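K.L.:
Attaching a single structure in structure tokens format; questions to follow.
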2 protein chains.
Amino acid sequence: MDFDLKTYLDGKNRKINQALEKLLPQKSLRIVMAMRHSLMAGGKRLRPVLCLAAADTVCGNSANALPAACAIEMIHTYSLIHDDLPAMDDDNLRRGAPTCHVAFDEASAILAGDGLLTLAFEILSSAENLSPARNLSSSGLKNPDKAIDILKIINRLSRAAGYENMIEGQMQDIASEGVLLDVDQLEKLHALKTGAMISASVYAGAVMGRASDEQISHLEEYAYNIGLAFQVADDILNVEGDPEIMGKAAGTDNDRGKNTYPALLGLKESKAEAVKLVDRAIKSLEIFDKEPASIKSGPLCAIAKYIIERKL
Amino acid sequence: MDFDLKTYLDGKNRKINQALEKLLPQKSLRIVMAMRHSLMAGGKRLRPVLCLAAADTVCGNSANALPAACAIEMIHTYSLIHDDLPAMDDDNLRRGAPTCHVAFDEASAILAGDGLLTLAFEILSSAENLSPARNLSSSGLKNPDKAIDILKIINRLSRAAGYENMIEGQMQDIASEGVLLDVDQLEKLHALKTGAMISASVYAGAVMGRASDEQISHLEEYAYNIGLAFQVADDILNVEGDPEIMGKAAGTDNDRGKNTYPALLGLKESKAEAVKLVDRAIKSLEIFDKEPASIKSGPLCAIAKYIIERKL
């Protein structure tokens with residue numbers, strides 16, 4: 001029987017949204033409203049789901065990884081708010097709603113992004129994250145060991161989101177509008193801009209699930225390939241997608257002279273590329289299926305397939 | 001004999017600048033140039049010096065606190081870059097040089113701020129920060145304990161820099177331009193905007209120096225008072241200061257309808273208030289001078305006095 005991805009994603013999304021609600025509750029403060037406007041606007045929650053799925057894959061339980069998953073979604077949302085600003089991509093619509101600077105104002109949007117980025121590290125370093133999850137066996141982690149694991153995750157996430165990866169990716173993305181890249185350059189751009197954070201999300205879940213080094217290395221191989229596949233699929237959707245389902249206009253990349261896979265490879269080749277990347281990602285999961293009838297790699301496998309089938 | 005503050009500050013500043021140079025070395029990447037433009041432009045380095053001085057005060061050594069001190073200066077610099085943006089205070093000059101968005105462009109300045117904030121957490125969580133400083137006795141820290149201390153510092157700094165403190169302070173600062181506050185409201189605004197980070201800087205140094213809870217509580221009392229004194233003195237300097245020495249224009253607060261102590265209390269009362277705050281700060285250091293002829297609280301004491309005597 002196939003893995004039921006929809007039920008899995010719905011369950012994880014509910015958990016993530018409930019946890020985010022607790023971590024940043026409604027308040028009548030303008031800064032909180034601006035942060036929540038973007039954070040609670042829905043979205044695919046791809047990165048936190050990958051974080052939880054990686055934990056499930058290595059230890060069958062993702063409760064321990066939930067704070068990290070929420071922190072990751074906050075970092076992602078901050079990056080969207082800042083990327084949408086007039087000084088950058090100048091986007092008015094995101095996740096089917098006005099972007100943060102449109103709904104509030106530019107100063108509030110800059111500070112809301114800053115607030116989400118900072119809150120991510122507050123959550124990662126909180127005492128609640130350090131104490132073992134209630135539904136893990138008490139014979140589990142000793143806090144000091146967990147403290148070192150959490151520091152590793154903070155370090156990895158800050159490098160992935162930092163000036164050598166995600167931020168440099170955004171710099172290059174802005175600089176390359178209207179400049180023709182080749183496929184290798186485009187791949188490198190995506191590795192910086194989105195790939196590093198997707199890998200770090202999987203890494204965070206794996207470490208919270210106490211993965212071995214070998215398991216981590218296979219999961220990173222997986223993450224690299226689906227990160228890229230996701231970007232190729234995104235470019236395809238921007239050409240072919242239904243604006244009503246996506247909550248944003250189609251064809252915008254082309255209008256702006258953005259470098260995309262369809263523009264460089266054509267639509268058919270781009271689709272073949274996405275399939276190839278997903279196949280590679282799934283292959284790197286084989287290590288988790290040594291035991292017969294194991295479904296441990298089920299969620300990651302299903303997510304990989306979903307990436308090229310999605311409409312949103 | 002009086003404590004020689006100038007030699008102490010020069011020594012600490014040299015150490016901080018050398019460490020920052022190593023943590024963010026020159027590169028031909030535009031994002032690095034923008035980050036370094038603001039980070040290496042000098043400035044008083046008040047927060048990192050307070051961090052190191054707190055460590056010196058509790059254990060006579062601040063080598064262990066140097067990475068945290070650098071991270072704190074990065075967070076401070078990020079906040080200046082974003083505050084200076086056209087959408088916020090729209091300042092062209094900072095630390096005697098063009099502000100980041102003037103020297104580069106708005107997108108680069110937003111991302112440079114993001115990069116410095118993120119790099120701060122990368123440094124705090126790095127393996128180098130976790131390993132004991134070479135010049136501490138090897139009988140000192142066990143790494144797992146130090147990991148928990150570092151998580152506490154990350155948590156404290158992210159809360160101080162976050163949406164409930166520094167960021168909310170900036171929101172309120174923007175909202176209150178041209179609105180008349182009373183002295184209590186102004187004090188609360190400063191407690192949010194600068195006080196929380198100054199306290200957190202002292203806290204970070206104290207924890208890295210392995211302070212007791214009692215010591216920490218006295219140091220926080222100290223930090224609260226000098227944080228406020230610093231702000232009062234800053235307002236006074238904005239009226240009386242020499243633009244050549246300060247590297248920025250004088251009288252700008254008044255032109256903008258900013259709420260300041262001189263505007264609310266008058267210049268004479270403001271100076272008396274600053275003196276009162278500094279006296280209070282110094283009093284809270286008495287705990288460190290129980291042993292006769294101790295000079296342990298020397299640097300913090302001297303910094304407190306310096307705050308109301310400075311010209312810059």
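By convention in this document, the chains of the structure tokens carry letters A, B, ... by their order, each chain's residues are numbered from 1, and ligands are numbered from 1 in the order they are shown.
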Produce the least-squares-superposed copy of chain B, fitted on chain A over all in-order C-alpha pairs, as a JSON list (two decimals) with C-alpha atoms, in the first residue's frame.
P.N.:
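For reference, out.json as written:
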[["chain", "number", "residue", "atom", "x", "y", "z"],
["B", 1, "MET", "CA", 0.00, 0.00, -0.03],
["B", 2, "ASP", "CA", 1.28, 3.47, -0.86],
["B", 3, "PHE", "CA", 2.22, 5.83, 1.91],
["B", 4, "ASP", "CA", -0.68, 8.19, 2.63],
["B", 5, "LEU", "CA", 1.07, 11.53, 2.16],
["B", 6, "LYS", "CA", -2.01, 13.70, 2.43],
["B", 7, "THR", "CA", -2.87, 12.44, 5.91],
["B", 8, "TYR", "CA", 0.79, 12.74, 6.93],
["B", 9, "LEU", "CA", 1.13, 16.33, 5.65],
["B", 10, "ASP", "CA", -2.20, 17.39, 7.16],
["B", 11, "GLY", "CA", -1.15, 16.00, 10.54],
["B", 12, "LYS", "CA", 2.26, 17.67, 10.46],
["B", 13, "ASN", "CA", 0.83, 20.94, 9.25],
["B", 14, "ARG", "CA", -1.66, 20.97, 12.08],
["B", 15, "LYS", "CA", 1.11, 20.33, 14.62],
["B", 16, "ILE", "CA", 3.34, 23.01, 13.11],
["B", 17, "ASN", "CA", 0.56, 25.59, 13.02],
["B", 18, "GLN", "CA", -0.51, 24.82, 16.58],
["B", 19, "ALA", "CA", 3.08, 25.14, 17.77],
["B", 20, "LEU", "CA", 3.62, 28.41, 15.86],
["B", 21, "GLU", "CA", 0.40, 29.75, 17.39],
["B", 22, "LYS", "CA", 1.80, 29.04, 20.87],
["B", 23, "LEU", "CA", 5.23, 30.45, 20.08],
["B", 24, "LEU", "CA", 3.88, 33.73, 18.70],
["B", 25, "PRO", "CA", 0.40, 34.24, 20.13],
["B", 26, "GLN", "CA", -1.96, 36.96, 18.91],
["B", 27, "LYS", "CA", -1.34, 40.34, 20.53],
["B", 28, "SER", "CA", -2.51, 43.85, 19.82],
["B", 29, "LEU", "CA", 1.08, 44.95, 19.19],
["B", 30, "ARG", "CA", 1.67, 46.09, 15.62],
["B", 31, "ILE", "CA", 4.98, 44.18, 15.37],
["B", 32, "VAL", "CA", 3.29, 40.93, 16.42],
["B", 33, "MET", "CA", 0.47, 41.50, 13.94],
["B", 34, "ALA", "CA", 2.96, 42.07, 11.14],
["B", 35, "MET", "CA", 4.98, 38.97, 12.07],
["B", 36, "ARG", "CA", 1.85, 36.82, 12.31],
["B", 37, "HIS", "CA", 0.41, 38.24, 9.09],
["B", 38, "SER", "CA", 3.18, 36.50, 7.15],
["B", 39, "LEU", "CA", 3.89, 33.57, 9.46],
["B", 40, "MET", "CA", 0.30, 32.38, 9.82],
["B", 41, "ALA", "CA", -0.68, 32.99, 6.18],
["B", 42, "GLY", "CA", -0.36, 29.31, 5.41],
["B", 43, "GLY", "CA", 2.17, 28.28, 2.85],
["B", 44, "LYS", "CA", 3.38, 24.80, 2.13],
["B", 45, "ARG", "CA", 5.45, 24.44, 5.31],
["B", 46, "LEU", "CA", 7.87, 22.39, 3.21],
["B", 47, "ARG", "CA", 10.95, 23.04, 5.33],
["B", 48, "PRO", "CA", 9.42, 22.26, 8.75],
["B", 49, "VAL", "CA", 7.70, 19.18, 7.33],
["B", 50, "LEU", "CA", 11.05, 17.97, 5.97],
["B", 51, "CYS", "CA", 12.56, 18.55, 9.39],
["B", 52, "LEU", "CA", 9.87, 16.47, 11.09],
["B", 53, "ALA", "CA", 9.94, 13.79, 8.39],
["B", 54, "ALA", "CA", 13.72, 13.42, 8.78],
["B", 55, "ALA", "CA", 13.26, 12.87, 12.52],
["B", 56, "ASP", "CA", 10.49, 10.33, 11.84],
["B", 57, "THR", "CA", 12.76, 8.58, 9.38],
["B", 58, "VAL", "CA", 15.66, 8.09, 11.77],
["B", 59, "CYS", "CA", 13.77, 7.40, 15.00],
["B", 60, "GLY", "CA", 10.08, 7.06, 14.28],
["B", 61, "ASN", "CA", 9.20, 10.13, 16.33],
["B", 62, "SER", "CA", 9.37, 13.83, 15.56],
["B", 63, "ALA", "CA", 8.08, 15.46, 18.78],
["B", 64, "ASN", "CA", 11.60, 16.42, 19.72],
["B", 65, "ALA", "CA", 12.12, 18.23, 16.42],
["B", 66, "LEU", "CA", 9.00, 20.40, 16.56],
["B", 67, "PRO", "CA", 10.63, 23.54, 18.04],
["B", 68, "ALA", "CA", 13.40, 23.38, 15.43],
["B", 69, "ALA", "CA", 10.79, 22.91, 12.70],
["B", 70, "CYS", "CA", 9.00, 26.07, 13.87],
["B", 71, "ALA", "CA", 12.23, 28.03, 14.04],
["B", 72, "ILE", "CA", 12.99, 26.96, 10.47],
["B", 73, "GLU", "CA", 9.60, 28.16, 9.24],
["B", 74, "MET", "CA", 10.23, 31.52, 10.95],
["B", 75, "ILE", "CA", 13.58, 31.89, 9.20],
["B", 76, "HIS", "CA", 11.94, 31.02, 5.88],
["B", 77, "THR", "CA", 9.11, 33.50, 6.45],
["B", 78, "TYR", "CA", 11.55, 36.27, 7.42],
["B", 79, "SER", "CA", 13.41, 35.70, 4.14],
["B", 80, "LEU", "CA", 10.17, 35.97, 2.16],
["B", 81, "ILE", "CA", 9.18, 39.21, 3.90],
["B", 82, "HIS", "CA", 12.54, 40.83, 3.16],
["B", 83, "ASP", "CA", 12.71, 39.46, -0.41],
["B", 84, "ASP", "CA", 9.28, 40.95, -1.13],
["B", 85, "LEU", "CA", 10.31, 44.48, -0.06],
["B", 86, "PRO", "CA", 10.24, 47.31, -2.61],
["B", 87, "ALA", "CA", 14.04, 47.53, -2.51],
["B", 88, "MET", "CA", 14.25, 43.87, -3.54],
["B", 89, "ASP", "CA", 11.64, 41.94, -5.54],
["B", 90, "ASP", "CA", 8.86, 44.45, -4.87],
["B", 91, "ASP", "CA", 6.09, 41.85, -4.66],
["B", 92, "ASN", "CA", 2.56, 42.73, -3.61],
["B", 93, "LEU", "CA", 1.10, 39.27, -3.22],
["B", 94, "ARG", "CA", 2.38, 36.25, -1.31],
["B", 95, "ARG", "CA", 0.59, 33.11, -0.22],
["B", 96, "GLY", "CA", -2.59, 34.62, -1.60],
["B", 97, "ALA", "CA", -2.46, 37.67, 0.66],
["B", 98, "PRO", "CA", -0.93, 41.15, 0.48],
["B", 99, "THR", "CA", 2.80, 41.04, 1.32],
["B", 100, "CYS", "CA", 3.81, 42.32, 4.73],
["B", 101, "HIS", "CA", 4.93, 45.79, 3.61],
["B", 102, "VAL", "CA", 1.67, 46.23, 1.68],
["B", 103, "ALA", "CA", -0.54, 45.12, 4.58],
["B", 104, "PHE", "CA", 1.49, 47.16, 7.09],
["B", 105, "ASP", "CA", 4.30, 49.44, 5.94],
["B", 106, "GLU", "CA", 7.91, 49.10, 4.95],
["B", 107, "ALA", "CA", 9.42, 49.80, 8.36],
["B", 108, "SER", "CA", 7.09, 47.29, 10.02],
["B", 109, "ALA", "CA", 7.90, 44.67, 7.38],
["B", 110, "ILE", "CA", 11.65, 45.07, 7.80],
["B", 111, "LEU", "CA", 11.26, 44.79, 11.57],
["B", 112, "ALA", "CA", 8.80, 41.89, 11.32],
["B", 113, "GLY", "CA", 11.38, 39.98, 9.30],
["B", 114, "ASP", "CA", 14.07, 40.86, 11.83],
["B", 115, "GLY", "CA", 11.73, 39.76, 14.60],
["B", 116, "LEU", "CA", 11.04, 36.36, 13.05],
["B", 117, "LEU", "CA", 14.72, 35.67, 12.39],
["B", 118, "THR", "CA", 15.59, 36.57, 15.96],
["B", 119, "LEU", "CA", 12.66, 34.62, 17.42],
["B", 120, "ALA", "CA", 13.89, 31.51, 15.59],
["B", 121, "PHE", "CA", 17.09, 31.57, 17.62],
["B", 122, "GLU", "CA", 15.20, 32.33, 20.82],
["B", 123, "ILE", "CA", 13.10, 29.21, 20.28],
["B", 124, "LEU", "CA", 16.04, 27.00, 19.39],
["B", 125, "SER", "CA", 17.89, 28.08, 22.54],
["B", 126, "SER", "CA", 14.90, 27.95, 24.88],
["B", 127, "ALA", "CA", 14.73, 25.77, 27.96],
["B", 128, "GLU", "CA", 11.68, 24.04, 26.45],
["B", 129, "ASN", "CA", 13.71, 22.94, 23.47],
["B", 130, "LEU", "CA", 16.47, 21.70, 25.77],
["B", 131, "SER", "CA", 14.18, 19.58, 27.93],
["B", 132, "PRO", "CA", 13.33, 16.19, 26.41],
["B", 133, "ALA", "CA", 9.93, 15.88, 24.79],
["B", 134, "ARG", "CA", 7.46, 14.19, 27.11],
["B", 135, "ASN", "CA", 6.69, 11.35, 24.77],
["B", 136, "LEU", "CA", 10.30, 10.25, 24.41],
["B", 137, "SER", "CA", 11.48, 7.52, 26.75],
["B", 138, "SER", "CA", 13.10, 8.94, 29.89],
["B", 139, "SER", "CA", 16.14, 6.79, 29.23],
["B", 140, "GLY", "CA", 16.71, 9.06, 26.24],
["B", 141, "LEU", "CA", 18.75, 12.21, 26.04],
["B", 142, "LYS", "CA", 20.85, 13.76, 28.71],
["B", 143, "ASN", "CA", 20.40, 17.50, 28.55],
["B", 144, "PRO", "CA", 24.06, 18.46, 28.20],
["B", 145, "ASP", "CA", 24.37, 16.18, 25.17],
["B", 146, "LYS", "CA", 21.21, 17.65, 23.80],
["B", 147, "ALA", "CA", 22.65, 21.13, 24.38],
["B", 148, "ILE", "CA", 25.55, 20.28, 22.11],
["B", 149, "ASP", "CA", 23.15, 18.90, 19.48],
["B", 150, "ILE", "CA", 21.11, 22.10, 19.64],
["B", 151, "LEU", "CA", 24.24, 24.23, 19.23],
["B", 152, "LYS", "CA", 25.13, 22.17, 16.15],
["B", 153, "ILE", "CA", 21.68, 22.83, 14.72],
["B", 154, "ILE", "CA", 21.84, 26.55, 15.49],
["B", 155, "ASN", "CA", 25.23, 26.68, 13.82],
["B", 156, "ARG", "CA", 24.07, 24.81, 10.75],
["B", 157, "LEU", "CA", 20.91, 26.88, 10.37],
["B", 158, "SER", "CA", 22.71, 30.19, 10.83],
["B", 159, "ARG", "CA", 25.27, 29.22, 8.22],
["B", 160, "ALA", "CA", 22.56, 28.10, 5.81],
["B", 161, "ALA", "CA", 20.60, 31.33, 6.33],
["B", 162, "GLY", "CA", 23.72, 33.48, 6.41],
["B", 163, "TYR", "CA", 25.81, 35.64, 4.12],
["B", 164, "GLU", "CA", 27.60, 32.67, 2.57],
["B", 165, "ASN", "CA", 24.40, 30.90, 1.57],
["B", 166, "MET", "CA", 20.81, 32.15, 1.60],
["B", 167, "ILE", "CA", 21.66, 35.86, 1.81],
["B", 168, "GLU", "CA", 24.36, 35.57, -0.87],
["B", 169, "GLY", "CA", 21.81, 33.70, -2.99],
["B", 170, "GLN", "CA", 19.42, 36.63, -2.73],
["B", 171, "MET", "CA", 22.25, 39.07, -3.58],
["B", 172, "GLN", "CA", 23.08, 37.01, -6.67],
["B", 173, "ASP", "CA", 19.41, 36.65, -7.56],
["B", 174, "ILE", "CA", 18.98, 40.42, -7.58],
["B", 175, "ALA", "CA", 22.22, 40.93, -9.50],
["B", 176, "SER", "CA", 21.30, 38.33, -12.13],
["B", 177, "GLU", "CA", 17.90, 39.69, -13.17],
["B", 178, "GLY", "CA", 18.16, 40.31, -16.88],
["B", 179, "VAL", "CA", 21.58, 38.59, -17.05],
["B", 180, "LEU", "CA", 21.62, 35.26, -18.86],
["B", 181, "LEU", "CA", 23.00, 32.42, -16.69],
["B", 182, "ASP", "CA", 23.86, 28.92, -17.81],
["B", 183, "VAL", "CA", 22.34, 25.86, -16.12],
["B", 184, "ASP", "CA", 25.34, 25.34, -13.81],
["B", 185, "GLN", "CA", 25.19, 28.93, -12.62],
["B", 186, "LEU", "CA", 21.45, 28.65, -12.06],
["B", 187, "GLU", "CA", 21.93, 25.45, -10.05],
["B", 188, "LYS", "CA", 24.55, 27.17, -7.91],
["B", 189, "LEU", "CA", 22.25, 30.12, -7.33],
["B", 190, "HIS", "CA", 19.46, 27.83, -6.12],
["B", 191, "ALA", "CA", 21.86, 25.82, -3.98],
["B", 192, "LEU", "CA", 22.69, 29.06, -2.17],
["B", 193, "LYS", "CA", 19.26, 30.65, -2.08],
["B", 194, "THR", "CA", 17.07, 27.69, -1.14],
["B", 195, "GLY", "CA", 19.17, 24.51, -1.15],
["B", 196, "ALA", "CA", 21.23, 25.29, 1.93],
["B", 197, "MET", "CA", 18.17, 25.93, 4.10],
["B", 198, "ILE", "CA", 16.38, 22.82, 2.82],
["B", 199, "SER", "CA", 19.45, 20.73, 3.64],
["B", 200, "ALA", "CA", 19.72, 22.37, 7.04],
["B", 201, "SER", "CA", 16.05, 21.60, 7.72],
["B", 202, "VAL", "CA", 16.60, 17.91, 7.08],
["B", 203, "TYR", "CA", 19.83, 18.04, 9.10],
["B", 204, "ALA", "CA", 18.04, 19.61, 12.07],
["B", 205, "GLY", "CA", 15.38, 16.90, 12.12],
["B", 206, "ALA", "CA", 17.99, 14.17, 11.74],
["B", 207, "VAL", "CA", 20.08, 15.49, 14.64],
["B", 208, "MET", "CA", 17.03, 15.89, 16.87],
["B", 209, "GLY", "CA", 16.22, 12.26, 16.02],
["B", 210, "ARG", "CA", 19.80, 11.31, 16.93],
["B", 211, "ALA", "CA", 20.80, 10.12, 13.48],
["B", 212, "SER", "CA", 24.18, 8.49, 12.85],
["B", 213, "ASP", "CA", 26.73, 10.28, 10.67],
["B", 214, "GLU", "CA", 26.03, 7.82, 7.86],
["B", 215, "GLN", "CA", 22.30, 8.48, 8.05],
["B", 216, "ILE", "CA", 22.91, 12.22, 8.04],
["B", 217, "SER", "CA", 25.06, 12.02, 4.95],
["B", 218, "HIS", "CA", 22.36, 10.08, 3.04],
["B", 219, "LEU", "CA", 19.71, 12.52, 4.18],
["B", 220, "GLU", "CA", 21.81, 15.43, 2.96],
["B", 221, "GLU", "CA", 22.14, 13.81, -0.45],
["B", 222, "TYR", "CA", 18.36, 13.47, -0.45],
["B", 223, "ALA", "CA", 17.90, 17.10, 0.59],
["B", 224, "TYR", "CA", 20.23, 18.47, -2.06],
["B", 225, "ASN", "CA", 18.32, 16.72, -4.81],
["B", 226, "ILE", "CA", 14.81, 17.54, -3.67],
["B", 227, "GLY", "CA", 15.84, 21.13, -3.00],
["B", 228, "LEU", "CA", 16.85, 21.48, -6.61],
["B", 229, "ALA", "CA", 13.87, 19.49, -7.87],
["B", 230, "PHE", "CA", 11.61, 21.81, -5.91],
["B", 231, "GLN", "CA", 13.12, 24.81, -7.66],
["B", 232, "VAL", "CA", 12.82, 23.28, -11.12],
["B", 233, "ALA", "CA", 9.21, 22.39, -10.36],
["B", 234, "ASP", "CA", 8.60, 25.93, -9.09],
["B", 235, "ASP", "CA", 9.89, 27.38, -12.34],
["B", 236, "ILE", "CA", 7.65, 25.01, -14.31],
["B", 237, "LEU", "CA", 4.65, 26.00, -12.19],
["B", 238, "ASN", "CA", 5.38, 29.66, -12.83],
["B", 239, "VAL", "CA", 4.88, 28.92, -16.54],
["B", 240, "GLU", "CA", 2.10, 26.34, -16.38],
["B", 241, "GLY", "CA", 0.48, 26.84, -12.99],
["B", 242, "ASP", "CA", -3.02, 28.03, -12.23],
["B", 243, "PRO", "CA", -2.85, 31.50, -10.60],
["B", 244, "GLU", "CA", -6.03, 30.76, -8.62],
["B", 245, "ILE", "CA", -4.53, 27.69, -6.98],
["B", 246, "MET", "CA", -1.13, 29.27, -6.43],
["B", 247, "GLY", "CA", -2.38, 32.53, -4.94],
["B", 248, "LYS", "CA", 0.00, 34.48, -7.17],
["B", 249, "ALA", "CA", 0.23, 35.44, -10.82],
["B", 250, "ALA", "CA", 1.74, 33.09, -13.44],
["B", 251, "GLY", "CA", 4.38, 34.01, -15.99],
["B", 252, "THR", "CA", 5.93, 36.61, -13.69],
["B", 253, "ASP", "CA", 9.42, 35.13, -13.89],
["B", 254, "ASN", "CA", 9.52, 35.55, -17.64],
["B", 255, "ASP", "CA", 8.18, 39.12, -17.46],
["B", 256, "ARG", "CA", 11.01, 40.03, -15.12],
["B", 257, "GLY", "CA", 13.79, 38.39, -17.09],
["B", 258, "LYS", "CA", 14.44, 35.89, -14.27],
["B", 259, "ASN", "CA", 16.63, 32.93, -15.11],
["B", 260, "THR", "CA", 14.52, 29.78, -14.98],
["B", 261, "TYR", "CA", 14.92, 26.16, -16.04],
["B", 262, "PRO", "CA", 12.13, 26.34, -18.64],
["B", 263, "ALA", "CA", 13.77, 29.41, -20.19],
["B", 264, "LEU", "CA", 17.17, 27.70, -20.32],
["B", 265, "LEU", "CA", 16.24, 24.07, -21.02],
["B", 266, "GLY", "CA", 12.72, 24.23, -22.40],
["B", 267, "LEU", "CA", 9.66, 22.89, -20.60],
["B", 268, "LYS", "CA", 10.08, 19.23, -21.62],
["B", 269, "GLU", "CA", 13.74, 19.05, -20.62],
["B", 270, "SER", "CA", 12.96, 20.82, -17.35],
["B", 271, "LYS", "CA", 10.38, 18.20, -16.47],
["B", 272, "ALA", "CA", 12.83, 15.41, -17.27],
["B", 273, "GLU", "CA", 15.41, 17.12, -15.06],
["B", 274, "ALA", "CA", 12.96, 17.30, -12.16],
["B", 275, "VAL", "CA", 12.17, 13.59, -12.50],
["B", 276, "LYS", "CA", 15.88, 12.72, -12.55],
["B", 277, "LEU", "CA", 16.53, 14.72, -9.39],
["B", 278, "VAL", "CA", 13.61, 13.11, -7.57],
["B", 279, "ASP", "CA", 14.80, 9.64, -8.58],
["B", 280, "ARG", "CA", 18.23, 10.45, -7.20],
["B", 281, "ALA", "CA", 16.71, 11.72, -3.96],
["B", 282, "ILE", "CA", 14.68, 8.54, -3.51],
["B", 283, "LYS", "CA", 17.71, 6.38, -4.22],
["B", 284, "SER", "CA", 19.64, 8.02, -1.39],
["B", 285, "LEU", "CA", 16.92, 6.85, 1.03],
["B", 286, "GLU", "CA", 17.55, 3.15, 0.35],
["B", 287, "ILE", "CA", 19.73, 2.87, 3.44],
["B", 288, "PHE", "CA", 16.61, 3.27, 5.57],
["B", 289, "ASP", "CA", 14.81, 0.39, 3.90],
["B", 290, "LYS", "CA", 17.26, -2.40, 4.66],
["B", 291, "GLU", "CA", 14.70, -4.16, 6.78],
["B", 292, "PRO", "CA", 12.00, -5.68, 4.58],
["B", 293, "ALA", "CA", 8.62, -3.98, 4.62],
["B", 294, "SER", "CA", 10.09, -0.97, 6.43],
["B", 295, "ILE", "CA", 8.06, 2.15, 5.86],
["B", 296, "LYS", "CA", 10.44, 4.40, 7.71],
["B", 297, "SER", "CA", 11.51, 6.34, 4.64],
["B", 298, "GLY", "CA", 7.88, 6.58, 3.55],
["B", 299, "PRO", "CA", 7.29, 10.26, 4.25],
["B", 300, "LEU", "CA", 10.51, 11.51, 2.68],
["B", 301, "CYS", "CA", 9.98, 9.30, -0.34],
["B", 302, "ALA", "CA", 6.42, 10.50, -0.77],
["B", 303, "ILE", "CA", 7.44, 14.14, -0.37],
["B", 304, "ALA", "CA", 10.03, 13.72, -3.10],
["B", 305, "LYS", "CA", 7.42, 12.36, -5.50],
["B", 306, "TYR", "CA", 4.92, 15.02, -4.51],
["B", 307, "ILE", "CA", 7.33, 17.81, -5.42],
["B", 308, "ILE", "CA", 6.92, 17.16, -9.13],
["B", 309, "GLU", "CA", 3.21, 16.44, -8.97],
["B", 310, "ARG", "CA", 2.07, 19.44, -6.96],
["B", 311, "LYS", "CA", -0.02, 22.26, -8.39],
["B", 312, "LEU", "CA", 0.84, 24.81, -5.71]]
K.L.:
Extract the full set of strand (DSSP E) residues from stretch 48-266 of chain B according to DSSP on the backbone, and format it as a PyMOL selection string.
P.N.:
chain B and resi 93-94+97-98
K.L.:
Please write the residues from the selection above to a file, keeping N, CA and C atoms, as a PDB file, in the first residue's frame.
P.N.:
ATOM      1  N   LEU B  93      24.439  59.481   7.533  1.00  0.00           N
ATOM      2  CA  LEU B  93      25.770  59.488   8.135  1.00  0.00           C
ATOM      3  C   LEU B  93      25.734  58.693   9.432  1.00  0.00           C
ATOM      4  N   ARG B  94      26.746  57.874   9.647  1.00  0.00           N
ATOM      5  CA  ARG B  94      26.817  57.057  10.860  1.00  0.00           C
ATOM      6  C   ARG B  94      28.280  56.774  11.127  1.00  0.00           C
ATOM      7  N   ALA B  97      30.775  58.055   8.654  1.00  0.00           N
ATOM      8  CA  ALA B  97      30.850  57.546   7.276  1.00  0.00           C
ATOM      9  C   ALA B  97      29.446  57.460   6.705  1.00  0.00           C
ATOM     10  N   PRO B  98      29.327  57.344   5.376  1.00  0.00           N
ATOM     11  CA  PRO B  98      27.990  57.181   4.797  1.00  0.00           C
ATOM     12  C   PRO B  98      27.336  55.912   5.367  1.00  0.00           C
TER      13      PRO B  98
END
